[in-house]
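Enquirer: Pasting target36.cif here (mmCIF, N, CA and C atoms):
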```cif
data_protein
loop_
_atom_site.label_atom_id
_atom_site.label_comp_id
_atom_site.auth_asym_id
_atom_site.auth_seq_id
_atom_site.Cartn_x
_atom_site.Cartn_y
_atom_site.Cartn_z
N MET Z 149 0.83 -1.16 0.00
CA MET Z 149 0.00 0.00 0.00
C MET Z 149 0.88 1.24 0.00
N PHE Z 150 0.46 2.29 -0.67
CA PHE Z 150 1.22 3.53 -0.82
C PHE Z 150 1.28 4.29 0.49
N ASN Z 151 2.45 4.79 0.85
CA ASN Z 151 2.62 5.50 2.10
C ASN Z 151 3.19 6.89 1.82
N GLY Z 152 2.34 7.90 1.79
CA GLY Z 152 2.75 9.27 1.49
C GLY Z 152 3.68 9.86 2.53
N LYS Z 153 3.60 9.37 3.78
CA LYS Z 153 4.48 9.89 4.84
C LYS Z 153 5.94 9.62 4.53
N LYS Z 154 6.21 8.49 3.90
CA LYS Z 154 7.60 8.16 3.56
C LYS Z 154 8.14 9.11 2.50
N ILE Z 155 7.29 9.53 1.58
CA ILE Z 155 7.73 10.48 0.56
C ILE Z 155 8.10 11.81 1.22
N ILE Z 156 7.28 12.28 2.13
CA ILE Z 156 7.55 13.53 2.84
C ILE Z 156 8.84 13.41 3.63
N GLU Z 157 8.98 12.28 4.34
CA GLU Z 157 10.18 12.03 5.14
C GLU Z 157 11.45 12.06 4.27
N LEU Z 158 11.41 11.37 3.15
CA LEU Z 158 12.58 11.33 2.26
C LEU Z 158 12.85 12.68 1.61
N ARG Z 159 11.79 13.37 1.24
CA ARG Z 159 11.96 14.68 0.61
C ARG Z 159 12.66 15.64 1.57
N LYS Z 160 12.20 15.65 2.81
CA LYS Z 160 12.81 16.55 3.80
C LYS Z 160 14.23 16.10 4.16
N LYS Z 161 14.44 14.80 4.28
CA LYS Z 161 15.77 14.26 4.59
C LYS Z 161 16.79 14.65 3.51
N ASN Z 162 16.34 14.70 2.28
CA ASN Z 162 17.21 15.04 1.15
C ASN Z 162 17.16 16.53 0.80
N ASN Z 163 16.54 17.33 1.67
CA ASN Z 163 16.44 18.79 1.47
C ASN Z 163 15.89 19.13 0.08
N LEU Z 164 14.81 18.48 -0.29
CA LEU Z 164 14.21 18.70 -1.61
C LEU Z 164 12.89 19.44 -1.49
N THR Z 165 12.60 20.25 -2.47
CA THR Z 165 11.28 20.85 -2.57
C THR Z 165 10.35 19.81 -3.21
N GLN Z 166 9.08 20.08 -3.24
CA GLN Z 166 8.15 19.16 -3.88
C GLN Z 166 8.45 19.03 -5.37
N LYS Z 167 8.93 20.12 -5.97
CA LYS Z 167 9.27 20.07 -7.39
C LYS Z 167 10.49 19.21 -7.67
N GLN Z 168 11.37 19.09 -6.68
CA GLN Z 168 12.59 18.30 -6.84
C GLN Z 168 12.39 16.84 -6.39
N LEU Z 169 11.19 16.47 -6.13
CA LEU Z 169 10.85 15.18 -5.53
C LEU Z 169 11.38 13.96 -6.28
N TYR Z 170 11.77 14.10 -7.55
CA TYR Z 170 12.10 12.93 -8.35
C TYR Z 170 13.43 12.29 -8.02
N ALA Z 171 14.21 12.87 -7.12
CA ALA Z 171 15.54 12.33 -6.82
C ALA Z 171 15.63 11.95 -5.34
N LEU Z 172 14.90 10.93 -4.92
CA LEU Z 172 14.84 10.56 -3.51
C LEU Z 172 15.88 9.53 -3.07
N ASN Z 173 16.63 8.99 -4.00
CA ASN Z 173 17.63 7.98 -3.67
C ASN Z 173 17.03 6.81 -2.88
N THR Z 174 15.93 6.30 -3.37
CA THR Z 174 15.28 5.14 -2.73
C THR Z 174 14.67 4.27 -3.81
N THR Z 175 14.07 3.18 -3.39
CA THR Z 175 13.41 2.28 -4.34
C THR Z 175 11.91 2.43 -4.22
N PRO Z 176 11.18 2.03 -5.26
CA PRO Z 176 9.72 2.06 -5.15
C PRO Z 176 9.22 1.13 -4.06
N TYR Z 177 9.98 0.08 -3.78
CA TYR Z 177 9.56 -0.89 -2.77
C TYR Z 177 9.51 -0.25 -1.38
N TYR Z 178 10.44 0.63 -1.10
CA TYR Z 178 10.42 1.34 0.18
C TYR Z 178 9.15 2.19 0.28
N LEU Z 179 8.83 2.89 -0.77
CA LEU Z 179 7.65 3.75 -0.77
C LEU Z 179 6.35 2.95 -0.69
N LEU Z 180 6.37 1.73 -1.15
CA LEU Z 180 5.18 0.88 -1.14
C LEU Z 180 5.10 -0.02 0.09
N ASP Z 181 5.98 0.22 1.06
CA ASP Z 181 6.04 -0.62 2.26
C ASP Z 181 6.26 -2.09 1.92
N ALA Z 182 6.99 -2.35 0.87
CA ALA Z 182 7.29 -3.72 0.47
C ALA Z 182 8.79 -3.93 0.60
N GLU Z 183 9.25 -4.00 1.83
CA GLU Z 183 10.67 -4.00 2.08
C GLU Z 183 11.25 -5.39 2.29
N LYS Z 184 10.45 -6.40 2.37
CA LYS Z 184 10.95 -7.75 2.59
C LYS Z 184 11.05 -8.48 1.26
N THR Z 185 12.23 -8.95 0.95
CA THR Z 185 12.44 -9.68 -0.28
C THR Z 185 12.30 -11.16 0.03
N ILE Z 186 11.54 -11.87 -0.77
CA ILE Z 186 11.45 -13.32 -0.63
C ILE Z 186 11.75 -13.96 -1.98
N HIS Z 187 12.14 -15.20 -1.93
CA HIS Z 187 12.41 -15.95 -3.14
C HIS Z 187 11.28 -16.94 -3.33
N VAL Z 188 10.64 -16.86 -4.48
CA VAL Z 188 9.52 -17.74 -4.80
C VAL Z 188 9.97 -18.69 -5.88
N CYS Z 189 9.77 -19.98 -5.65
CA CYS Z 189 10.21 -20.99 -6.61
C CYS Z 189 9.00 -21.62 -7.28
N ASP Z 190 9.11 -21.81 -8.57
CA ASP Z 190 8.16 -22.66 -9.26
C ASP Z 190 8.97 -23.81 -9.86
N ASP Z 191 8.39 -24.57 -10.72
CA ASP Z 191 9.08 -25.74 -11.26
C ASP Z 191 10.30 -25.39 -12.11
N LYS Z 192 10.33 -24.18 -12.64
CA LYS Z 192 11.37 -23.86 -13.61
C LYS Z 192 12.41 -22.86 -13.12
N LYS Z 193 12.02 -21.89 -12.28
CA LYS Z 193 12.99 -20.89 -11.85
C LYS Z 193 12.60 -20.24 -10.53
N VAL Z 194 13.53 -19.46 -10.00
CA VAL Z 194 13.32 -18.74 -8.75
C VAL Z 194 13.04 -17.28 -9.09
N HIS Z 195 12.04 -16.71 -8.43
CA HIS Z 195 11.66 -15.32 -8.64
C HIS Z 195 11.83 -14.57 -7.33
N ASN Z 196 12.22 -13.33 -7.41
CA ASN Z 196 12.24 -12.47 -6.24
C ASN Z 196 10.97 -11.65 -6.24
N THR Z 197 10.40 -11.49 -5.08
CA THR Z 197 9.21 -10.65 -4.94
C THR Z 197 9.33 -9.88 -3.64
N PHE Z 198 8.52 -8.89 -3.47
CA PHE Z 198 8.58 -8.04 -2.29
C PHE Z 198 7.24 -8.08 -1.59
N LEU Z 199 7.28 -8.24 -0.26
CA LEU Z 199 6.07 -8.30 0.54
C LEU Z 199 6.11 -7.24 1.61
N SER Z 200 4.96 -6.67 1.89
CA SER Z 200 4.88 -5.72 2.99
C SER Z 200 4.86 -6.49 4.31
N GLU Z 201 5.05 -5.78 5.38
CA GLU Z 201 5.00 -6.39 6.70
C GLU Z 201 3.63 -7.02 6.94
N ASN Z 202 2.56 -6.36 6.48
CA ASN Z 202 1.20 -6.90 6.63
C ASN Z 202 1.04 -8.20 5.85
N ASP Z 203 1.61 -8.27 4.64
CA ASP Z 203 1.55 -9.50 3.85
C ASP Z 203 2.18 -10.66 4.62
N VAL Z 204 3.32 -10.40 5.21
CA VAL Z 204 4.03 -11.45 5.96
C VAL Z 204 3.21 -11.88 7.17
N LYS Z 205 2.59 -10.93 7.87
CA LYS Z 205 1.74 -11.28 9.02
C LYS Z 205 0.58 -12.17 8.61
N ILE Z 206 -0.07 -11.82 7.50
CA ILE Z 206 -1.21 -12.61 7.02
C ILE Z 206 -0.78 -14.02 6.66
N ILE Z 207 0.31 -14.14 5.94
CA ILE Z 207 0.80 -15.47 5.54
C ILE Z 207 1.15 -16.29 6.77
N ASN Z 208 1.81 -15.70 7.75
CA ASN Z 208 2.16 -16.43 8.96
C ASN Z 208 0.94 -16.90 9.73
N GLU Z 209 -0.10 -16.09 9.79
CA GLU Z 209 -1.33 -16.50 10.46
C GLU Z 209 -2.01 -17.65 9.73
N ILE Z 210 -2.06 -17.57 8.42
CA ILE Z 210 -2.66 -18.64 7.62
C ILE Z 210 -1.91 -19.95 7.82
N LYS Z 211 -0.60 -19.88 7.87
CA LYS Z 211 0.22 -21.09 8.01
C LYS Z 211 0.02 -21.78 9.36
N LYS Z 212 -0.50 -21.07 10.33
CA LYS Z 212 -0.77 -21.68 11.65
C LYS Z 212 -1.91 -22.70 11.58
N HIS Z 213 -2.72 -22.61 10.52
CA HIS Z 213 -3.87 -23.50 10.36
C HIS Z 213 -3.58 -24.43 9.19
N ASP Z 214 -2.95 -25.53 9.50
CA ASP Z 214 -2.40 -26.44 8.51
C ASP Z 214 -3.40 -26.90 7.45
N ASN Z 215 -4.57 -27.35 7.86
CA ASN Z 215 -5.57 -27.83 6.89
C ASN Z 215 -6.04 -26.71 5.97
N PHE Z 216 -6.30 -25.54 6.57
CA PHE Z 216 -6.73 -24.40 5.77
C PHE Z 216 -5.64 -23.98 4.81
N TYR Z 217 -4.40 -23.97 5.28
CA TYR Z 217 -3.27 -23.57 4.44
C TYR Z 217 -3.16 -24.47 3.21
N HIS Z 218 -3.27 -25.77 3.42
CA HIS Z 218 -3.16 -26.71 2.29
C HIS Z 218 -4.35 -26.58 1.34
N TRP Z 219 -5.52 -26.37 1.88
CA TRP Z 219 -6.71 -26.15 1.05
C TRP Z 219 -6.54 -24.89 0.22
N LEU Z 220 -6.05 -23.84 0.85
CA LEU Z 220 -5.82 -22.59 0.15
C LEU Z 220 -4.76 -22.74 -0.94
N CYS Z 221 -3.71 -23.47 -0.67
CA CYS Z 221 -2.64 -23.68 -1.66
C CYS Z 221 -3.12 -24.47 -2.87
N GLU Z 222 -4.03 -25.40 -2.66
CA GLU Z 222 -4.53 -26.22 -3.76
C GLU Z 222 -5.41 -25.42 -4.72
N ASN Z 223 -6.24 -24.54 -4.20
CA ASN Z 223 -7.19 -23.78 -5.02
C ASN Z 223 -7.31 -22.35 -4.50
N PRO Z 224 -6.28 -21.54 -4.59
CA PRO Z 224 -6.31 -20.22 -3.97
C PRO Z 224 -7.46 -19.34 -4.44
N LYS Z 225 -7.70 -19.30 -5.71
CA LYS Z 225 -8.76 -18.42 -6.23
C LYS Z 225 -10.13 -18.85 -5.71
N GLN Z 226 -10.41 -20.14 -5.77
CA GLN Z 226 -11.70 -20.64 -5.33
C GLN Z 226 -11.90 -20.44 -3.83
N VAL Z 227 -10.87 -20.69 -3.05
CA VAL Z 227 -10.98 -20.55 -1.60
C VAL Z 227 -11.23 -19.09 -1.23
N ILE Z 228 -10.49 -18.18 -1.84
CA ILE Z 228 -10.67 -16.75 -1.56
C ILE Z 228 -12.07 -16.31 -1.95
N GLU Z 229 -12.56 -16.77 -3.09
CA GLU Z 229 -13.92 -16.42 -3.52
C GLU Z 229 -14.96 -16.92 -2.53
N LYS Z 230 -14.78 -18.15 -1.99
CA LYS Z 230 -15.71 -18.68 -0.99
C LYS Z 230 -15.68 -17.85 0.29
N ILE Z 231 -14.49 -17.47 0.71
CA ILE Z 231 -14.36 -16.67 1.92
C ILE Z 231 -15.05 -15.32 1.75
N ILE Z 232 -14.85 -14.70 0.62
CA ILE Z 232 -15.46 -13.40 0.34
C ILE Z 232 -16.98 -13.52 0.34
N LYS Z 233 -17.51 -14.57 -0.26
CA LYS Z 233 -18.97 -14.77 -0.26
C LYS Z 233 -19.52 -14.94 1.16
N LEU Z 234 -18.77 -15.65 2.00
CA LEU Z 234 -19.21 -15.85 3.39
C LEU Z 234 -19.18 -14.55 4.18
N LEU Z 235 -18.23 -13.71 3.88
CA LEU Z 235 -18.07 -12.47 4.65
C LEU Z 235 -19.04 -11.36 4.23
N TYR Z 236 -19.44 -11.37 2.96
CA TYR Z 236 -20.25 -10.25 2.47
C TYR Z 236 -21.61 -10.71 2.07
#
```
What is this structure when it is put down as structure tokens?

Expert:
Amino acid sequence: MFNGKKIIELRKKNNLTQKQLYALNTTPYYLLDAEKTIHVCDDKKVHNTFLSENDVKIINEIKKHDNFYHWLCENPKQVIEKIIKLLY
């Protein structure tokens, strides 16, 4: 999720005006709160991806429920759709 406070913080730290904002010496991942790098493997190659702290918390909570985790892994789209229907 986008965090405007980080942009303000970096702009002030770098003594930049709003017009000079384009040179923050940071990555988009920092601005998006996606600072954790993980390696995701499929059958053919390893991919790097970035997760926010909230993403990691959600995944860790899901993994605590072994049966649900395996059900979710088998059919993620269908499981999420069922959950959404139950909630709304």

Enquirer: What separation in Å, quoted to one decimal, exists between CA of Asn208 in chain Z and CA of Glu222 in chain Z?

Expert: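 Value for the CA of Asn208 in chain Z-CA of Glu222 in chain Z distance: 17.4 Å.
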
Enquirer: Rounded to one decimal in Å, what is the spacing between CA of Ile231 in chain Z and atom C of Lys205 in chain Z?

Expert: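 Value for the CA of Ile231 in chain Z-atom C of Lys205 in chain Z distance: 17.0 Å.
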
Enquirer: State, in Å with one decimal place, the distance from CA of Ile186 in chain Z to atom C of Phe198 in chain Z.

Expert: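 So the answer is 6.8 Å.
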
Enquirer: Determine which residues of chain Z receive a DSSP assignment of strand (DSSP E or B), computed from the backbone, and state them as a list in words.

Expert: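 In chain Z, DSSP puts these residues in strand (DSSP E or B): Lys184, Thr185, Ile186, His187, Val188, Cys189, Val194, His195, Asn196, Thr197, Phe198 and Leu199 of chain Z.
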
Enquirer: Using backbone DSSP assignments, extract all alpha helix (DSSP H) residues from chain Z; output them as a PyMOL selection string.

Expert: chain Z and resi 152-161+176-179+201-211+214-222+224-235
